[in-house]
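Q: Structure file upload27.csv (CSV, C-alpha atoms) is given on the next line.
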```csv
chain,number,residue,atom,x,y,z
A,14,MET,CA,26.3,11.6,-23.6
A,15,ARG,CA,29.6,11.8,-21.7
A,16,GLU,CA,33.0,11.2,-23.2
A,17,GLN,CA,34.1,7.6,-22.7
A,18,ALA,CA,37.6,6.2,-22.5
A,19,LYS,CA,39.1,4.7,-25.6
A,20,LYS,CA,40.5,1.8,-23.5
A,21,LYS,CA,37.8,0.7,-21.0
A,22,VAL,CA,38.8,-1.3,-17.9
A,23,LYS,CA,36.7,-4.3,-16.7
A,24,ILE,CA,36.9,-4.8,-13.0
A,25,LYS,CA,34.8,-7.8,-12.1
A,26,HIS,CA,31.3,-6.9,-13.3
A,27,LYS,CA,32.0,-3.2,-13.6
A,28,ILE,CA,33.3,-1.3,-16.6
A,29,MET,CA,35.4,1.8,-15.9
A,30,GLY,CA,35.5,4.4,-18.7
A,31,ALA,CA,32.2,3.5,-20.2
A,32,GLU,CA,28.9,5.5,-20.4
A,33,LYS,CA,28.2,5.4,-16.7
A,34,GLN,CA,30.5,7.1,-14.1
A,35,LEU,CA,31.2,4.7,-11.2
A,36,VAL,CA,30.7,5.6,-7.5
A,37,CYS,CA,33.3,4.5,-4.9
A,38,GLN,CA,33.0,4.5,-1.1
A,39,PRO,CA,36.0,4.4,1.2
A,40,ILE,CA,36.7,2.2,4.2
A,41,ALA,CA,39.4,3.5,6.6
A,42,ALA,CA,39.3,1.2,9.5
A,43,GLN,CA,42.0,1.0,12.3
A,44,ASN,CA,41.3,-2.6,13.4
A,45,ILE,CA,39.4,-5.7,12.3
A,46,GLN,CA,36.2,-4.9,14.2
A,47,ASP,CA,36.2,-1.4,12.8
A,48,LEU,CA,36.6,-2.8,9.3
A,49,ILE,CA,33.7,-5.2,9.8
A,50,ASP,CA,31.4,-2.5,11.1
A,51,GLN,CA,32.3,-0.2,8.2
A,52,VAL,CA,31.9,-2.7,5.5
A,53,LYS,CA,28.5,-3.8,6.8
A,54,VAL,CA,27.2,-0.2,6.4
A,55,VAL,CA,28.9,0.4,3.0
A,56,VAL,CA,27.6,-2.7,1.3
A,57,LEU,CA,24.0,-1.6,2.1
A,58,SER,CA,24.6,1.4,-0.2
A,59,GLU,CA,25.7,-0.9,-3.0
A,60,PRO,CA,28.5,1.3,-4.4
A,61,ASP,CA,30.2,0.3,-7.6
A,62,LEU,CA,33.6,0.1,-5.9
A,63,ILE,CA,35.0,0.0,-2.4
A,64,GLU,CA,38.3,1.7,-1.6
A,65,TRP,CA,40.2,0.2,1.4
A,66,ARG,CA,42.4,2.9,2.8
A,67,ALA,CA,44.7,0.5,4.6
A,68,ASP,CA,47.1,3.3,5.7
A,69,SER,CA,44.6,3.8,8.5
A,70,TYR,CA,44.9,0.1,9.6
A,71,LEU,CA,47.2,-0.1,12.7
A,72,ASP,CA,48.3,-3.8,12.5
A,73,LEU,CA,49.8,-4.3,9.1
A,74,ASP,CA,51.3,-7.6,10.2
A,75,LYS,CA,47.8,-9.0,10.1
A,76,ILE,CA,46.6,-7.2,7.0
A,77,LEU,CA,45.8,-10.4,5.2
A,78,SER,CA,43.2,-11.4,7.9
A,79,ALA,CA,41.6,-8.1,7.5
A,80,GLY,CA,41.7,-8.4,3.7
A,81,TYR,CA,39.9,-11.8,3.8
A,82,GLU,CA,37.2,-10.4,6.1
A,83,LEU,CA,36.7,-7.5,3.7
A,84,ARG,CA,36.6,-9.7,0.6
A,85,LYS,CA,34.1,-12.1,2.3
A,86,ARG,CA,31.8,-9.3,3.3
A,87,ALA,CA,32.0,-7.1,0.3
A,88,ASN,CA,29.2,-8.8,-1.7
A,89,ASN,CA,31.4,-9.1,-4.8
A,90,ILE,CA,31.9,-5.4,-5.0
A,91,PRO,CA,35.3,-4.7,-6.5
A,92,ILE,CA,37.9,-3.5,-4.0
A,93,ILE,CA,40.6,-0.8,-4.6
A,94,PHE,CA,43.5,-1.3,-2.1
A,95,THR,CA,45.3,1.9,-1.2
A,96,LEU,CA,48.2,2.1,1.3
A,97,ARG,CA,48.6,5.9,0.8
A,98,HIS,CA,52.0,7.5,1.0
A,99,VAL,CA,52.1,10.0,3.9
A,100,GLN,CA,53.3,12.8,1.5
A,101,GLU,CA,50.1,12.5,-0.5
A,102,GLY,CA,47.5,12.2,2.3
A,103,GLY,CA,48.4,8.9,4.0
A,104,ALA,CA,47.1,8.5,7.6
A,105,ARG,CA,50.7,7.9,8.9
A,106,HIS,CA,54.2,7.3,7.9
A,107,ILE,CA,54.9,3.7,6.7
A,108,SER,CA,58.4,2.8,5.4
A,109,GLN,CA,58.7,2.1,1.7
A,110,ASP,CA,59.9,-1.5,2.4
A,111,VAL,CA,56.8,-2.2,4.5
A,112,ARG,CA,54.5,-0.6,2.0
A,113,LEU,CA,55.9,-2.6,-0.9
A,114,GLU,CA,55.7,-5.9,1.1
A,115,VAL,CA,52.2,-5.3,2.2
A,116,ILE,CA,50.9,-4.3,-1.2
A,117,LYS,CA,52.6,-7.4,-2.8
A,118,GLU,CA,51.0,-9.6,-0.2
A,119,ILE,CA,47.5,-8.2,-1.0
A,120,ILE,CA,48.0,-8.7,-4.7
A,121,LYS,CA,49.3,-12.3,-4.4
A,122,ALA,CA,46.5,-13.3,-2.0
A,123,GLY,CA,43.8,-12.0,-4.5
A,124,LEU,CA,42.4,-9.5,-2.0
A,125,ALA,CA,42.2,-6.5,-4.3
A,126,ASP,CA,40.9,-5.9,-7.8
A,127,VAL,CA,42.7,-2.6,-8.2
A,128,ILE,CA,45.9,-1.2,-6.5
A,129,ASP,CA,46.3,2.6,-6.1
A,130,ILE,CA,49.9,3.8,-5.8
A,131,GLU,CA,51.4,7.3,-6.2
A,132,MET,CA,53.6,8.5,-9.0
A,133,ILE,CA,56.0,10.0,-6.4
A,134,ASN,CA,57.2,6.5,-5.5
A,135,GLU,CA,60.6,5.4,-6.8
A,136,GLN,CA,60.7,3.9,-10.3
A,137,ASP,CA,61.8,0.5,-8.9
A,138,PHE,CA,58.8,0.5,-6.6
A,139,ILE,CA,56.4,1.2,-9.4
A,140,THR,CA,58.1,-1.3,-11.8
A,141,GLU,CA,58.0,-4.1,-9.2
A,142,LEU,CA,54.3,-3.6,-8.5
A,143,LYS,CA,53.5,-3.2,-12.1
A,144,ARG,CA,55.0,-6.6,-12.7
A,145,ASP,CA,52.9,-8.2,-10.0
A,146,VAL,CA,49.6,-6.6,-11.0
A,147,ASP,CA,50.1,-7.8,-14.5
A,148,GLU,CA,50.9,-11.4,-13.3
A,149,TYR,CA,47.9,-11.6,-11.0
A,150,ASN,CA,45.4,-9.7,-13.3
A,151,VAL,CA,45.0,-6.8,-11.0
A,152,LYS,CA,44.4,-3.2,-12.3
A,153,LEU,CA,46.8,-0.4,-11.5
A,154,ILE,CA,45.9,3.2,-10.6
A,155,LEU,CA,48.8,5.6,-10.7
A,156,SER,CA,47.9,8.8,-8.7
A,157,TYR,CA,48.9,12.3,-7.9
A,158,HIS,CA,47.6,14.4,-5.0
A,159,ASP,CA,48.1,18.1,-4.1
A,160,PHE,CA,46.3,19.1,-0.9
A,161,LYS,CA,47.4,22.8,-1.1
A,162,SER,CA,46.8,24.0,-4.6
A,163,THR,CA,45.7,23.3,-8.1
A,164,PRO,CA,48.4,23.3,-10.9
A,165,ASP,CA,47.7,24.7,-14.3
A,166,GLU,CA,45.9,22.8,-17.0
A,167,GLU,CA,49.2,21.9,-18.8
A,168,PHE,CA,50.6,20.3,-15.6
A,169,ILE,CA,47.4,18.3,-14.9
A,170,VAL,CA,47.2,16.9,-18.4
A,171,ALA,CA,50.9,16.1,-18.4
A,172,LYS,CA,50.6,14.3,-15.0
A,173,LEU,CA,47.7,12.2,-16.2
A,174,LYS,CA,49.6,11.4,-19.4
A,175,ARG,CA,52.6,10.4,-17.3
A,176,ALA,CA,50.5,7.9,-15.4
A,177,GLN,CA,49.6,6.3,-18.7
A,178,GLU,CA,53.2,6.3,-19.9
A,179,LEU,CA,54.3,4.5,-16.7
A,180,GLY,CA,51.9,1.7,-17.4
A,181,ALA,CA,48.8,2.6,-15.4
A,182,ASP,CA,45.4,1.1,-16.3
A,183,ILE,CA,43.8,4.2,-14.7
A,184,ALA,CA,45.2,7.7,-14.1
A,185,LYS,CA,44.1,9.6,-11.0
A,186,LEU,CA,44.7,13.2,-9.9
A,187,ALA,CA,43.2,15.0,-6.9
A,188,VAL,CA,44.0,18.7,-6.2
A,189,MET,CA,42.9,21.4,-3.8
A,190,PRO,CA,41.2,24.6,-5.2
A,191,ASN,CA,41.9,28.0,-3.8
A,192,ASP,CA,39.2,29.7,-5.8
A,193,TYR,CA,36.5,28.6,-8.3
A,194,ARG,CA,38.8,29.2,-11.2
A,195,ASP,CA,40.9,26.3,-9.9
A,196,VAL,CA,37.8,24.1,-10.1
A,197,LEU,CA,37.2,25.1,-13.7
A,198,CYS,CA,40.9,24.5,-14.4
A,199,LEU,CA,40.6,20.9,-13.2
A,200,LEU,CA,37.4,20.2,-15.1
A,201,ASN,CA,38.8,21.7,-18.4
A,202,ALA,CA,42.0,19.8,-18.0
A,203,THR,CA,40.1,16.6,-17.5
A,204,TYR,CA,38.1,17.2,-20.7
A,205,LYS,CA,41.3,17.9,-22.7
A,206,ALA,CA,43.0,14.8,-21.3
A,207,ARG,CA,40.0,12.7,-22.2
A,208,LYS,CA,39.5,14.1,-25.7
A,209,ASP,CA,43.0,14.7,-26.9
A,210,THR,CA,45.6,12.9,-24.8
A,211,LEU,CA,44.7,9.7,-22.8
A,212,ASP,CA,43.3,6.4,-23.9
A,213,ILE,CA,42.9,4.9,-20.4
A,214,PRO,CA,40.2,5.8,-17.8
A,215,ILE,CA,40.7,9.0,-15.7
A,216,ILE,CA,39.8,9.9,-12.2
A,217,THR,CA,40.0,13.6,-11.3
A,218,ILE,CA,38.9,15.4,-8.2
A,219,SER,CA,38.8,19.0,-7.0
A,220,MET,CA,38.8,18.6,-3.2
A,221,GLY,CA,37.1,20.5,-0.5
A,222,THR,CA,33.8,22.5,-0.4
A,223,MET,CA,34.7,24.5,-3.5
A,224,GLY,CA,35.4,21.3,-5.4
A,225,ILE,CA,32.1,19.5,-4.7
A,226,ILE,CA,30.9,20.3,-8.2
A,227,SER,CA,33.7,18.2,-9.6
A,228,ARG,CA,32.3,15.2,-7.7
A,229,ILE,CA,28.9,15.8,-9.2
A,230,ALA,CA,29.7,17.0,-12.7
A,231,GLY,CA,33.1,15.5,-13.2
A,232,GLY,CA,31.8,12.6,-15.1
A,233,ILE,CA,30.5,14.9,-17.9
A,234,PHE,CA,34.0,16.2,-18.4
A,235,GLY,CA,35.6,12.7,-18.5
A,236,SER,CA,36.3,11.6,-14.9
A,237,ASP,CA,35.3,7.9,-14.7
A,238,VAL,CA,34.9,7.5,-10.9
A,239,THR,CA,33.5,9.8,-8.2
A,240,PHE,CA,34.0,9.2,-4.4
A,241,ALA,CA,31.2,9.4,-1.8
A,242,ALA,CA,31.6,9.2,2.0
A,243,GLY,CA,30.5,6.0,3.7
A,244,THR,CA,30.9,5.8,7.4
A,245,VAL,CA,34.1,7.8,6.9
A,246,SER,CA,35.4,10.3,4.5
A,247,SER,CA,38.9,9.7,2.9
A,248,ALA,CA,39.3,13.2,1.4
A,249,PRO,CA,37.9,16.7,1.9
A,250,GLY,CA,34.6,17.3,0.2
A,251,GLN,CA,33.1,13.8,-0.1
A,252,MET,CA,29.3,13.8,0.0
A,253,ARG,CA,27.0,11.2,1.4
A,254,ILE,CA,26.4,8.6,-1.3
A,255,GLU,CA,22.6,9.0,-1.0
A,256,ASP,CA,22.9,12.8,-1.8
A,257,LEU,CA,25.4,12.2,-4.6
A,258,ARG,CA,23.3,9.6,-6.3
A,259,ASN,CA,20.1,11.7,-6.1
A,260,ILE,CA,21.9,14.6,-7.9
A,261,LEU,CA,23.5,12.3,-10.5
A,262,ARG,CA,20.1,10.7,-11.2
A,263,MET,CA,18.7,14.1,-11.9
A,264,MET,CA,21.5,14.9,-14.3
A,265,GLU,CA,21.0,11.7,-16.4
```
Using the file provided, produce a representation of the structure as structure tokens.
A:
Amino acid sequence: MREQAKKKVKIKHKIMGAEKQLVCQPIAAQNIQDLIDQVKVVVLSEPDLIEWRADSYLDLDKILSAGYELRKRANNIPIIFTLRHVQEGGARHISQDVRLEVIKEIIKAGLADVIDIEMINEQDFITELKRDVDEYNVKLILSYHDFKSTPDEEFIVAKLKRAQELGADIAKLAVMPNDYRDVLCLLNATYKARKDTLDIPIITISMGTMGIISRIAGGIFGSDVTFAAGTVSSAPGQMRIEDLRNILRMME
């Protein structure tokens, strides 16, 4: 049996940090019709979670209309809203003022169950959104991404711990391996964080082809969510959900 989080997080009818690792599929639409087309395909796979990568959406002035469409068509699947910072893999540069305003609108309209923001944001940015997610009963992911390398175990554990200290409900870290030792580093750090350091759920990913094993076996080491490609991939190394589920089923 895999290690479970001490503090589990309920997101609608799903429990993050429990015995079962959850599977999330991304949507990265550029316009409303693209979003509708993508969500139609994704819901057929019945993922545990949908991540809306809104940094790909070109008309942020009409983001609420898109959010209502997604919520209506998601078949009650919980939605993670991510307007990713360009320095950590965002599709394009969006000013901090606009990012803050858009995320707050989504929270207040009830169009997301979880918000993912990066720890590189200013403290005031994080504090203001933390206040809003608490008020509107939305869960908060605080995340860190490195698309070039994998830090050492001490850094990884410390970064996940920092997310918890900043008030995250869920801590997330995704890094790029340069060799297979980096993948082992990520998995070992995940296990240490789960066993010895963090109470909250953890999401850790080793990206790219080398890191695929972390998407398959990461749950054993303590990662509570794995990501599978839908009609799009939001990060290097995502597998098709059908392939991922078949492998996970064999490991159960």
Q: Taking 6 positions as the minimum chain separation for residues in the same chain, which residues sit within 12 Å of Glu114 in chain A when counting only C-alpha atoms? Answer as number ranges by chain.
A: A: 73-74, 76-77, 96, 107-108, 120-121, 138, 141-142, 145
Q: Quote the spacing between CA of Tyr157 in chain A and CA of Thr95 in chain A in Å to one decimal place.
A: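 According to the coordinates, CA of Tyr157 in chain A and CA of Thr95 in chain A are separated by 12.9 Å.
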Q: Hey, can you check how far CA of Ala241 in chain A sits from CA of Val111 in chain A?
A: 28.8 Å
Q: Have a look at A:Ile49, A:Val115, A:Leu35, A:Ile183 and name the one nearest to Ile90 in chain A; count only C-alpha atoms.
A: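 For Ile90 in chain A, the nearest of the given residues is A:Leu35.
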Q: Calculate how many Å separate CA of Asn44 in chain A from CA of Arg112 in chain A, rounding to one decimal.
A: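 CA of Asn44 in chain A sits 17.6 Å away from CA of Arg112 in chain A.
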Q: Compare A:Leu153, A:Leu113, A:Val22, A:Ala125 by their minimum atom-to-atom distance to Glu64 in chain A, counting only C-alpha atoms, and give me the closest one.
A: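 Distance minimum relative to Glu64 in chain A lands on A:Ala125.
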Q: Please provide as an mmCIF file with C-alpha atoms, in the coordinates of the input all residues within 12 Å of Pro60 in chain A, with the sequence filter that same-chain residues fewer than 2 positions apart are discarded (counting all atoms listed in the file).
A:
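Resulting contents of result-v9.cif:
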```cif
data_model
loop_
_atom_site.group_PDB
_atom_site.id
_atom_site.type_symbol
_atom_site.label_atom_id
_atom_site.label_comp_id
_atom_site.auth_asym_id
_atom_site.auth_seq_id
_atom_site.Cartn_x
_atom_site.Cartn_y
_atom_site.Cartn_z
ATOM 1 C CA LYS A 27 32.000 -3.200 -13.600
ATOM 2 C CA GLN A 34 30.500 7.100 -14.100
ATOM 3 C CA LEU A 35 31.200 4.700 -11.200
ATOM 4 C CA VAL A 36 30.700 5.600 -7.500
ATOM 5 C CA CYS A 37 33.300 4.500 -4.900
ATOM 6 C CA GLN A 38 33.000 4.500 -1.100
ATOM 7 C CA PRO A 39 36.000 4.400 1.200
ATOM 8 C CA ILE A 40 36.700 2.200 4.200
ATOM 9 C CA VAL A 52 31.900 -2.700 5.500
ATOM 10 C CA VAL A 54 27.200 -0.200 6.400
ATOM 11 C CA VAL A 55 28.900 0.400 3.000
ATOM 12 C CA VAL A 56 27.600 -2.700 1.300
ATOM 13 C CA LEU A 57 24.000 -1.600 2.100
ATOM 14 C CA SER A 58 24.600 1.400 -0.200
ATOM 15 C CA LEU A 62 33.600 0.100 -5.900
ATOM 16 C CA ILE A 63 35.000 0.000 -2.400
ATOM 17 C CA GLU A 64 38.300 1.700 -1.600
ATOM 18 C CA ALA A 87 32.000 -7.100 0.300
ATOM 19 C CA ASN A 88 29.200 -8.800 -1.700
ATOM 20 C CA ASN A 89 31.400 -9.100 -4.800
ATOM 21 C CA ILE A 90 31.900 -5.400 -5.000
ATOM 22 C CA PRO A 91 35.300 -4.700 -6.500
ATOM 23 C CA ILE A 92 37.900 -3.500 -4.000
ATOM 24 C CA VAL A 238 34.900 7.500 -10.900
ATOM 25 C CA THR A 239 33.500 9.800 -8.200
ATOM 26 C CA PHE A 240 34.000 9.200 -4.400
ATOM 27 C CA ALA A 241 31.200 9.400 -1.800
ATOM 28 C CA ALA A 242 31.600 9.200 2.000
ATOM 29 C CA GLY A 243 30.500 6.000 3.700
ATOM 30 C CA ARG A 253 27.000 11.200 1.400
ATOM 31 C CA ILE A 254 26.400 8.600 -1.300
ATOM 32 C CA GLU A 255 22.600 9.000 -1.000
ATOM 33 C CA LEU A 257 25.400 12.200 -4.600
ATOM 34 C CA ARG A 258 23.300 9.600 -6.300
#
```
Q: Would you pick out the contacts of Gly224 in chain A at 8 Å or less, using only C-alpha atoms, so that residues sharing its chain but fewer than 3 positions from it are not included, and give the list as a list in words?
A: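 Once the adjacent positions are removed, what remains is Met189, Pro190, Tyr193, Val196, Ile218, Ser219, Met220, Gly221, Ser227, Arg228 and Gly250 of chain A.
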Q: Between A:Lys174, A:Lys152, A:Arg144, A:His158, single out the one closest to Leu186 in chain A, counting only C-alpha atoms.
A: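 Residue with the minimum atom-to-atom distance to Leu186 in chain A: A:His158.
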Q: Pick out the closest residue to Ala18 in chain A from this set: A:Glu59, A:Asp137, A:Asp209, A:Glu148. Count all atoms listed in the file.
A: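 Ranked by minimum distance to Ala18 in chain A, first place goes to A:Asp209.
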Q: Please return, as an MDAnalysis selection string, all polymer residues that have at least one atom within 12 Å of the point (53.2, 3.9, -19.1); use all atoms listed in the file and the file's own coordinate frame.
A: chainID A and resid 132 136 139:140 143 153:155 172:184 211:213
Q: Show me, as a list in words, the residues that have an atom within 6 Å of Lys185 in chain A when counting only C-alpha atoms, minus same-chain residues fewer than 6 positions from it.
A: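 Near Lys185 in chain A, the qualifying residues are Ser156, Ile215, Ile216 and Thr217 of chain A.
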Q: Keeping only C-alpha atoms, take the residues you just selected and write them out as a PDB file, keeping the file's coordinate frame.
A:
```pdb
ATOM      1  CA  SER A 156      47.900   8.800  -8.700  1.00  0.00           C
ATOM      2  CA  ILE A 215      40.700   9.000 -15.700  1.00  0.00           C
ATOM      3  CA  ILE A 216      39.800   9.900 -12.200  1.00  0.00           C
ATOM      4  CA  THR A 217      40.000  13.600 -11.300  1.00  0.00           C
TER       5      THR A 217
END
```
Q: Using only C-alpha atoms, which of A:Asp165, A:Asp256, A:Glu131, A:Glu82 sits nearest Asp50 in chain A?
A: A:Glu82
Q: Of the candidates A:Leu261, A:Leu83, A:Ala41, A:Ile229, which one gets nearest to Gly123 in chain A if we count only C-alpha atoms?
A: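 Selected residue with least distance to Gly123 in chain A: A:Leu83.
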